[in-house]
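As provided, model_2.txt (compact mmCIF, C-alpha atoms) reads as follows.
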```txt
# COMPACT_ATOMS: atom_id res chain seq x y z
CA ALA A 1 0.00 0.00 0.00
CA ILE A 2 1.13 3.56 -0.65
CA GLY A 3 1.91 5.38 2.58
CA LYS A 4 0.61 8.80 3.58
CA ASN A 5 3.98 10.44 2.96
CA SER A 6 4.17 8.90 -0.50
CA MET A 7 0.66 10.13 -1.34
CA SER A 8 1.58 13.60 -0.16
CA PHE A 9 4.72 13.54 -2.31
CA LEU A 10 2.79 12.38 -5.38
CA ARG A 11 0.15 15.06 -4.84
CA LYS A 12 2.78 17.80 -4.60
CA LEU A 13 4.58 16.39 -7.64
CA GLY A 14 1.36 16.43 -9.64
CA GLU A 15 0.62 20.03 -8.63
CA ALA A 16 4.17 21.01 -9.60
CA PHE A 17 3.44 19.72 -13.11
CA GLY A 18 0.22 21.74 -13.33
CA MET A 19 -2.22 19.01 -12.35
CA PRO A 20 -5.24 20.18 -10.33
CA PRO A 21 -5.51 19.18 -6.66
CA ALA A 22 -7.88 16.31 -5.94
CA ASP A 23 -10.08 18.42 -3.65
CA ARG A 24 -11.87 21.03 -5.78
CA PHE A 25 -13.42 22.80 -2.80
CA SER A 26 -10.16 23.97 -1.28
CA VAL A 27 -7.76 26.89 -1.20
CA ALA A 28 -5.25 24.72 -3.07
CA TYR A 29 -7.68 24.37 -5.97
CA MET A 30 -8.29 28.15 -6.00
CA GLN A 31 -4.52 28.57 -6.15
CA TYR A 32 -4.41 26.18 -9.10
CA LEU A 33 -7.09 28.20 -10.95
CA LEU A 34 -5.15 31.39 -10.30
CA GLN A 35 -2.07 29.76 -11.82
CA VAL A 36 -4.11 28.85 -14.90
CA MET A 37 -5.12 32.52 -15.25
CA GLU A 38 -1.51 33.63 -14.84
CA ARG A 39 -0.46 31.27 -17.63
CA ASN A 40 -3.23 32.61 -19.90
CA THR A 41 -3.14 36.38 -19.56
CA ASP A 42 -4.09 36.90 -23.21
CA VAL A 43 -7.13 35.34 -24.90
CA THR A 44 -6.31 33.36 -28.04
CA GLN A 45 -8.05 30.81 -30.22
CA SER A 46 -6.16 28.02 -28.49
CA ASN A 47 -6.91 28.99 -24.87
CA VAL A 48 -10.32 30.70 -24.95
CA ASP A 49 -12.13 27.57 -23.73
CA THR A 50 -9.61 27.17 -20.90
CA VAL A 51 -10.09 30.78 -19.77
CA VAL A 52 -13.90 30.50 -19.88
CA GLU A 53 -13.90 27.25 -17.91
CA THR A 54 -11.47 28.67 -15.33
CA ILE A 55 -13.69 31.70 -14.68
CA ARG A 56 -16.76 29.45 -14.55
CA GLU A 57 -15.11 27.24 -11.94
CA ILE A 58 -14.09 30.27 -9.90
CA SER A 59 -17.69 31.50 -9.84
CA GLU A 60 -18.89 28.09 -8.66
CA LEU A 61 -16.24 27.75 -5.95
CA VAL A 62 -16.51 31.29 -4.60
CA THR A 63 -20.29 31.01 -4.37
CA TRP A 64 -19.93 27.71 -2.51
CA ALA A 65 -17.14 29.06 -0.29
CA ASP A 66 -19.25 32.06 0.76
CA ARG A 67 -21.36 29.62 2.79
CA HIS A 68 -18.88 26.88 3.63
CA ASN A 69 -15.21 27.94 3.51
CA PRO A 70 -14.26 31.55 4.37
CA MET A 71 -10.58 30.77 3.74
CA MET A 72 -11.35 30.33 0.04
CA THR A 73 -13.14 33.68 -0.24
CA GLU A 74 -10.30 35.34 1.69
CA TYR A 75 -7.85 33.87 -0.83
CA PHE A 76 -10.02 35.16 -3.70
CA MET A 77 -9.90 38.67 -2.22
CA GLU A 78 -6.28 38.60 -1.11
CA LYS A 79 -5.00 37.51 -4.54
CA ARG A 80 -7.24 40.07 -6.30
CA ILE A 81 -8.64 37.43 -8.62
CA LEU A 82 -11.55 39.67 -9.62
CA GLU A 83 -9.11 42.26 -10.97
CA ARG A 84 -7.40 39.54 -12.99
CA MET A 85 -10.77 38.62 -14.50
CA PHE A 86 -11.44 42.22 -15.45
CA GLN A 87 -8.16 42.38 -17.37
CA TYR A 88 -9.72 40.11 -19.97
CA LEU A 89 -12.29 42.82 -20.72
CA GLU A 90 -9.57 45.10 -22.05
CA THR A 91 -8.99 43.05 -25.17
CA GLY A 92 -10.86 44.06 -28.30
CA LYS A 93 -10.47 40.64 -29.91
CA SER A 94 -13.72 39.12 -31.13
CA ILE A 95 -12.47 35.72 -29.93
CA ALA A 96 -12.72 37.06 -26.36
CA LYS A 97 -16.52 37.35 -26.51
CA PRO A 98 -17.16 34.04 -24.66
CA VAL A 99 -14.82 35.25 -21.90
CA LYS A 100 -16.71 38.53 -21.55
CA VAL A 101 -20.01 36.66 -21.44
CA GLN A 102 -18.64 34.40 -18.70
CA ILE A 103 -17.41 37.39 -16.67
CA LEU A 104 -20.84 39.02 -16.82
CA GLN A 105 -22.48 35.72 -15.91
CA THR A 106 -20.04 35.20 -13.02
CA LEU A 107 -20.66 38.66 -11.56
CA GLY A 108 -24.40 38.11 -11.90
CA ILE A 109 -24.08 34.84 -9.97
CA PHE A 110 -22.01 36.55 -7.29
CA PHE A 111 -24.48 39.37 -6.70
CA GLN A 112 -27.46 37.04 -6.71
CA ASN A 113 -25.91 34.60 -4.23
CA ILE A 114 -23.10 36.10 -2.12
CA ASN A 115 -24.25 36.90 1.41
CA HIS A 116 -21.19 37.83 3.49
CA THR A 117 -20.88 41.60 3.82
CA SER A 118 -17.08 41.61 3.51
CA MET A 119 -17.28 39.79 0.18
CA VAL A 120 -20.04 42.05 -1.15
CA PHE A 121 -18.06 45.13 -0.16
CA TYR A 122 -14.94 43.72 -1.83
CA LEU A 123 -16.84 43.12 -5.08
CA LEU A 124 -18.17 46.69 -5.02
CA SER A 125 -15.02 48.48 -3.83
CA ASN A 126 -12.38 50.46 -5.74
CA ASP A 127 -14.92 51.52 -8.38
CA ARG A 128 -14.54 48.15 -10.13
CA ILE A 129 -18.26 47.64 -10.64
CA ASN A 130 -18.81 51.15 -12.01
CA GLU A 131 -15.99 50.54 -14.49
CA LEU A 132 -17.70 47.32 -15.53
CA ILE A 133 -21.07 49.07 -15.86
CA THR A 134 -19.58 51.73 -18.15
CA HIS A 135 -17.47 49.27 -20.16
CA ARG A 136 -18.20 49.52 -23.87
CA PHE A 137 -19.63 46.08 -24.57
CA ASP A 138 -20.98 45.24 -28.01
CA PHE A 139 -24.67 45.64 -27.26
CA HIS A 140 -25.56 44.58 -30.79
CA ASP A 141 -24.71 41.10 -29.55
CA GLU A 142 -27.89 39.73 -27.95
CA GLU A 143 -26.06 37.34 -25.61
CA LEU A 144 -23.78 40.04 -24.20
CA MET A 145 -26.75 42.36 -23.89
CA ALA A 146 -28.82 39.78 -22.00
CA TYR A 147 -26.11 39.05 -19.44
CA TYR A 148 -25.31 42.74 -19.00
CA ILE A 149 -28.93 43.62 -18.28
CA SER A 150 -29.25 40.66 -15.92
CA LEU A 151 -26.14 41.84 -14.03
CA ILE A 152 -27.18 45.47 -13.60
CA LYS A 153 -30.65 44.36 -12.50
CA ALA A 154 -29.01 42.12 -9.86
CA LEU A 155 -26.81 45.04 -8.82
CA SER A 156 -29.82 47.27 -8.29
CA LEU A 157 -31.04 44.85 -5.62
CA ARG A 158 -27.77 45.45 -3.75
CA VAL A 159 -28.25 49.22 -3.55
CA ASN A 160 -29.21 50.27 -0.03
CA ALA A 161 -28.24 52.84 2.59
CA ASP A 162 -25.05 50.88 3.35
CA THR A 163 -23.90 50.34 -0.24
CA VAL A 164 -25.19 53.36 -2.14
CA HIS A 165 -21.83 55.11 -1.83
CA PHE A 166 -20.29 52.40 -4.03
CA PHE A 167 -22.68 53.32 -6.85
CA PHE A 168 -23.33 57.03 -6.39
CA ASN A 169 -20.57 59.62 -6.05
CA PRO A 170 -21.56 63.29 -6.54
CA GLU A 171 -17.88 64.19 -6.94
CA LYS A 172 -17.36 62.00 -10.02
CA THR A 173 -18.57 61.85 -13.60
CA PRO A 174 -20.72 59.95 -14.25
CA GLN A 175 -22.14 60.32 -10.79
CA PHE A 176 -24.47 57.33 -10.86
CA PRO A 177 -23.53 54.99 -13.74
CA LEU A 178 -25.79 52.13 -12.65
CA LEU A 179 -28.83 54.33 -13.23
CA THR A 180 -27.65 56.47 -16.15
CA GLU A 181 -26.32 53.51 -18.15
CA ALA A 182 -29.49 51.52 -17.53
CA LEU A 183 -31.73 54.37 -18.65
CA LYS A 184 -30.06 54.31 -22.06
CA PHE A 185 -32.08 51.15 -22.69
CA TYR A 186 -35.51 52.26 -21.48
CA GLN A 187 -36.78 52.40 -25.08
CA HIS A 188 -35.00 49.25 -26.20
CA GLU A 189 -36.82 47.16 -28.77
CA ASP A 190 -36.69 44.09 -26.52
CA HIS A 191 -39.63 44.11 -24.10
CA MET A 192 -37.69 42.17 -21.42
CA VAL A 193 -34.91 44.76 -21.49
CA ARG A 194 -37.41 47.58 -20.98
CA VAL A 195 -39.02 45.70 -18.07
CA ALA A 196 -35.61 45.12 -16.47
CA VAL A 197 -34.75 48.83 -16.72
CA ARG A 198 -38.03 49.79 -15.06
CA THR A 199 -37.47 47.26 -12.29
CA LEU A 200 -33.91 48.51 -11.76
CA SER A 201 -35.12 52.11 -11.59
CA LEU A 202 -37.77 51.31 -9.01
CA ASN A 203 -35.22 49.38 -6.93
CA ILE A 204 -33.06 52.50 -6.87
CA TYR A 205 -35.89 54.95 -6.22
CA ARG A 206 -36.83 53.12 -3.02
CA VAL A 207 -33.40 53.77 -1.42
CA GLU A 208 -33.62 56.52 1.16
CA GLU A 209 -30.46 58.55 0.62
CA GLU A 210 -30.96 62.30 0.35
CA ALA A 211 -28.14 63.27 -2.04
CA MET A 212 -28.87 60.35 -4.35
CA ARG A 213 -32.59 61.12 -4.44
CA ALA A 214 -31.89 64.76 -5.25
CA TYR A 215 -29.68 63.67 -8.14
CA VAL A 216 -32.29 61.20 -9.40
CA ALA A 217 -35.06 63.79 -9.25
CA LYS A 218 -32.96 66.39 -11.05
CA CYS A 219 -31.27 64.33 -13.73
CA SER A 220 -33.22 61.20 -14.51
CA ALA A 221 -36.69 60.90 -12.99
CA VAL A 222 -38.42 63.44 -15.26
CA PRO A 223 -37.23 62.02 -18.60
CA PHE A 224 -37.72 58.44 -17.39
CA PHE A 225 -41.28 58.90 -16.17
CA SER A 226 -42.13 61.09 -19.17
CA ASN A 227 -41.11 58.25 -21.46
CA LEU A 228 -42.95 55.77 -19.26
CA VAL A 229 -46.15 57.79 -19.70
CA TRP A 230 -45.46 58.04 -23.45
CA GLU A 231 -45.05 54.25 -23.61
CA MET A 232 -48.33 53.74 -21.75
CA MET A 233 -50.12 56.08 -24.17
CA ARG A 234 -48.62 54.25 -27.14
CA ARG A 235 -49.81 50.92 -25.77
CA TYR A 236 -53.24 52.40 -25.12
CA ARG A 237 -53.51 53.56 -28.75
CA GLU A 238 -52.43 50.11 -29.98
CA ILE A 239 -55.03 48.36 -27.83
CA SER A 240 -57.68 50.91 -28.76
CA GLY A 241 -56.93 50.33 -32.45
CA LEU A 242 -57.22 46.57 -32.05
CA VAL A 243 -60.53 46.93 -30.20
CA SER A 244 -61.85 49.18 -32.99
CA GLU A 245 -60.81 46.65 -35.63
CA VAL A 246 -62.54 43.81 -33.77
CA GLY A 247 -65.64 45.96 -33.33
CA GLY A 248 -65.74 46.70 -37.05
CA LEU A 249 -65.75 43.04 -38.07
```
Could I get this structure in the form of structure tokens?
Amino acid sequence: AIGKNSMSFLRKLGEAFGMPPADRFSVAYMQYLLQVMERNTDVTQSNVDTVVETIREISELVTWADRHNPMMTEYFMEKRILERMFQYLETGKSIAKPVKVQILQTLGIFFQNINHTSMVFYLLSNDRINELITHRFDFHDEELMAYYISLIKALSLRVNADTVHFFFNPEKTPQFPLLTEALKFYQHEDHMVRVAVRTLSLNIYRVEEEAMRAYVAKCSAVPFFSNLVWEMMRRYREISGLVSEVGGL
């Protein structure tokens, strides 16, 4: 039989040659995933699937660790793995689209599932999320658009009196990118996108923060609600026209 020391040696030898640790739900496995990212700093045709799968695994493990293993989430924060993910957004290569989709999906999963305050604050800190919100994604791509809208809608549920300062800064431009970027889509041709923007707006309007509410009232509420009324009138005319047609048959 192979002794414990021999097993330990073989495990370390395997890790030295880039083999993943046997225990996926461990700090050692997070370290292995970080090493994979460090070996693949640029997205190419040959490694795009590897990068996507690595980010997907990180999202799964961090979400699990938030409830079961704080040492793994501490490692994620300490090694600034989120920042390493965001570096992939800087490439303009079309081949990187699956990576960008996975990053948006991962952040959406985080904000829908992460509960620990320290982890939430880490994800929101250093203006990272606002930079992501204002990133120039290709919104002609329906898949990217869908994951982006899903993410910002999830983010709006995280805005409260304790977190609003991560999203709203009256000293910066734009002052409130979560709201102003979302409102660019309030007349989008996709009905689900329009619904998501309205839901996001209402989630923000319920937050009781004086400076933020003053900004919202001054810069966004009037045009948003004006267009909402216009949309309701348009729908009314459509329905009225259909009723008239049915009545004329």
* Please provide the set of residues having any atom within 7 Å of region 40-47 of chain A, restricted to only C-alpha atoms, with same-chain residues fewer than 4 positions apart removed, written as a ChimeraX atom specification. => /A:36,51,95-96
* Do you know which residues are at most 12 Å from Leu124 (chain A) counting only C-alpha atoms, after dropping those on the same chain fewer than 4 positions away, and could you put them as JSON, numbers by chain? -> {"A": [77, 82, 83, 107, 110, 111, 117, 118, 119, 120, 128, 129, 130, 131, 132, 133, 155, 158, 159, 162, 163, 164, 165, 166, 167, 168]}
* To do: Would you list the contacts of Val197 (chain A) as a list in words, taking every protein, DNA or RNA residue within 9 Å and counting all atoms listed in the file, but skipping same-chain residues closer than 6 positions in sequence?
  => Ile149, Ile152, Lys153, Leu179, Ala182, Leu183, Lys184, Phe185 and Tyr186 of chain A
* Asked: So, counting all atoms listed in the file, which residue among A:Lys172, A:Arg234, A:His135, A:Arg24 is closest to Glu90 (chain A)?
  -> A:His135
* Asked: So which one's closest to Ala65 (chain A), A:His116, A:Arg194, A:Arg136, A:Lys97? Using all atoms listed in the file, please.
  ->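 Between A:His116, A:Arg194, A:Arg136, A:Lys97, the residue approaching Ala65 (chain A) most closely is A:His116.
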